[in-house]
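Asks: Structure in structure tokens, see below.
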Amino acid sequence: MQGPVDYDAELTRYGAVLRRAWDVRPGDRVLDIGCGGGRTTRDAARAAHAGRALGLDVSARAVERARALARAEGLGNVAFECADAQRYDFAYDSFDLAISRFGTMFFADPAAAFANIARALRPGGRLVMAVWQSGDRNEWDVTIRRALGDPQPRGPDPFSLADPAVVEEILRGAGFAGVTFTDVGEPVYYGPDPDAALDWVRGFSCTSAALQNLDPAAAAATLDRLRDALAEHLTADGVWFDARAWIVHANRGR
Ligand SMILES: C[S@@+](CC[C@H](N)C(=O)[O-])C[C@H]1O[C@@H](n2cnc3c(N)ncnc32)[C@H](O)[C@@H]1O
């Protein structure tokens, strides 16, 4: 892989693993939670054939992009809503499958969010979501945090669903049963070279939070440190980091 980096490229090694895990069946009505630019929603819509897929995201910009990409691909069985999954007024029992690629870790109220998602699923409907394991198991996070020298992580927490015991308790409380965790260790791609990787990582909320309180000289030194750290992960195929995620499976109780 040597191409430009975006979120789909970063997660390229997760594509096939997640499609197998979603196991979208023809006719399925699929909900994609925190769908971002909608790559996984579009994949689900294609696999669902006569079924359909709805992508939901709080970001209006993401939803606009998702709609444009679906239009460009001529997909007729996909739709997107700009809404908060914690509160969105889903029709009850209206989905067979809820999926998410790293889109469920940012809920202020996860109990409310997953209860709302459970209500949207038919009894026995499946939830399959990818969430990051803890930061210390993710080389990208360890490396970036060390380079940023930011002891106090701020901003949205991508590791909020890293602890299986906590996730199981939340999901059971929300009406899910049969909660299982599959360990996935696939690397993430940060770009063809260290400069591209630095541009990509500068967009992360942890990076901007760490830089915003620094004076210009300290910010420049931090970025140099970050670029050097990224350069250490340059391979013949671009900049890659080890990563670890859980694929969480659950069923809405009957
Ligand atoms: C890391 S991105 C993943 C995007 C997408 N799943 C993908 O793989 O391309 C997380 C997404 O979750 C969305 N999100 C965060 N909180 C949300 C909420 N309460 N309801 C819906 N979407 C939310 C964000 O706007 C963001 O697009």
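Identifiers in this document derive from the order of the structure tokens: chains are assigned A, B, ..., residues are numbered from 1 separately in each chain, and ligands are numbered from 1 in order of occurrence.
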Could you give me the residues within 7 Å of ligand 1, counting only C-alpha atoms and all ligand atoms, as a PyMOL selection string?
Replies: chain A and resi 7-8+33-40+56-59+62+83-86+100-104+106-107
Asks: What are the DSSP strand (DSSP E) residues of region 55-248 of chain A, as JSON, numbers by chain?
Replies: {"A": [55, 56, 57, 78, 79, 80, 81, 82, 95, 96, 97, 98, 99, 100, 101, 121, 122, 123, 124, 125, 126, 127, 128, 129, 130, 131, 132, 176, 177, 178, 179, 180, 181, 182, 183, 184, 188, 189, 190, 191, 234, 235, 238, 239, 240, 241, 245, 246, 247, 248]}
Asks: Keeping C-alpha atoms for every residue in the selection just given, could you write it to a file as a PDB file, in the first residue's frame?
Replies:
```
ATOM      1  CA  GLY A  55     -26.024   5.093   7.980  1.00  0.00           C
ATOM      2  CA  LEU A  56     -26.376   7.377  10.991  1.00  0.00           C
ATOM      3  CA  ASP A  57     -23.832   9.968  12.062  1.00  0.00           C
ATOM      4  CA  VAL A  78     -28.833   3.101   1.053  1.00  0.00           C
ATOM      5  CA  ALA A  79     -29.772   6.221   3.022  1.00  0.00           C
ATOM      6  CA  PHE A  80     -28.021   8.436   5.557  1.00  0.00           C
ATOM      7  CA  GLU A  81     -29.319  10.459   8.490  1.00  0.00           C
ATOM      8  CA  CYS A  82     -27.505  13.144  10.400  1.00  0.00           C
ATOM      9  CA  PHE A  95     -33.425  -3.530  11.611  1.00  0.00           C
ATOM     10  CA  ASP A  96     -32.033  -7.075  11.419  1.00  0.00           C
ATOM     11  CA  LEU A  97     -28.428  -6.028  11.962  1.00  0.00           C
ATOM     12  CA  ALA A  98     -26.638  -3.066  13.528  1.00  0.00           C
ATOM     13  CA  ILE A  99     -22.986  -2.664  12.557  1.00  0.00           C
ATOM     14  CA  SER A 100     -20.293  -0.169  13.430  1.00  0.00           C
ATOM     15  CA  ARG A 101     -16.662   0.346  12.461  1.00  0.00           C
ATOM     16  CA  LEU A 121     -33.367  -4.083  16.206  1.00  0.00           C
ATOM     17  CA  ARG A 122     -35.938  -6.824  15.817  1.00  0.00           C
ATOM     18  CA  PRO A 123     -35.927  -9.437  18.598  1.00  0.00           C
ATOM     19  CA  GLY A 124     -32.910 -11.684  17.919  1.00  0.00           C
ATOM     20  CA  GLY A 125     -31.381  -9.023  15.640  1.00  0.00           C
ATOM     21  CA  ARG A 126     -27.589  -8.831  15.692  1.00  0.00           C
ATOM     22  CA  LEU A 127     -25.182  -6.114  16.829  1.00  0.00           C
ATOM     23  CA  VAL A 128     -21.640  -6.438  15.407  1.00  0.00           C
ATOM     24  CA  MET A 129     -19.225  -3.629  16.173  1.00  0.00           C
ATOM     25  CA  ALA A 130     -15.494  -3.028  16.026  1.00  0.00           C
ATOM     26  CA  VAL A 131     -14.012  -1.081  18.946  1.00  0.00           C
ATOM     27  CA  TRP A 132     -10.397  -0.478  19.877  1.00  0.00           C
ATOM     28  CA  PHE A 176     -28.572  -7.562  24.496  1.00  0.00           C
ATOM     29  CA  ALA A 177     -27.616 -11.198  25.129  1.00  0.00           C
ATOM     30  CA  GLY A 178     -24.916 -13.573  23.844  1.00  0.00           C
ATOM     31  CA  VAL A 179     -22.142 -10.978  24.025  1.00  0.00           C
ATOM     32  CA  THR A 180     -18.822 -12.261  22.611  1.00  0.00           C
ATOM     33  CA  PHE A 181     -15.461 -10.660  21.820  1.00  0.00           C
ATOM     34  CA  THR A 182     -13.144 -11.591  18.953  1.00  0.00           C
ATOM     35  CA  ASP A 183      -9.549 -10.411  19.181  1.00  0.00           C
ATOM     36  CA  VAL A 184      -8.367  -8.795  15.927  1.00  0.00           C
ATOM     37  CA  VAL A 188      -3.297   0.458  10.491  1.00  0.00           C
ATOM     38  CA  TYR A 189      -1.902   2.484   7.578  1.00  0.00           C
ATOM     39  CA  TYR A 190      -0.869   6.104   8.117  1.00  0.00           C
ATOM     40  CA  GLY A 191       0.328   7.077   4.649  1.00  0.00           C
ATOM     41  CA  LEU A 234       8.154   3.506   7.640  1.00  0.00           C
ATOM     42  CA  THR A 235       8.273   0.226   5.697  1.00  0.00           C
ATOM     43  CA  GLY A 238       4.425   3.053   3.757  1.00  0.00           C
ATOM     44  CA  VAL A 239       3.896   3.899   7.443  1.00  0.00           C
ATOM     45  CA  TRP A 240       2.163   1.159   9.442  1.00  0.00           C
ATOM     46  CA  PHE A 241       1.420   0.595  13.128  1.00  0.00           C
ATOM     47  CA  ALA A 245      -9.463  -4.259  18.186  1.00  0.00           C
ATOM     48  CA  TRP A 246     -12.391  -6.269  19.492  1.00  0.00           C
ATOM     49  CA  ILE A 247     -15.203  -7.336  17.272  1.00  0.00           C
ATOM     50  CA  VAL A 248     -18.159  -7.461  19.623  1.00  0.00           C
TER      51      VAL A 248
END
```
Asks: Rounded to one decimal place, report the CA of Gly74 (chain A)-CA of Ala9 (chain A) distance in Å.
Replies: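 A separation of 21.8 Å between them.
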Asks: Calculated over only C-alpha atoms, which of the candidates A:Leu211, A:Leu226, A:Ala53, A:Leu75 has the smallest distance to Arg146 (chain A)?
Replies: A:Leu226
Asks: If you measure from CA of Ser160 (chain A) to CA of Met105 (chain A), what distance in Å do you get, rounded to one decimal?
Replies: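 Value for the CA of Ser160 (chain A)-CA of Met105 (chain A) distance: 5.6 Å.
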Asks: In Å, rounded to a single decimal, give me how far CA of Pro164 (chain A) is from CA of Arg119 (chain A).
Replies: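 So the two atoms, CA of Arg119 (chain A) and CA of Pro164 (chain A), lie 22.1 Å apart.
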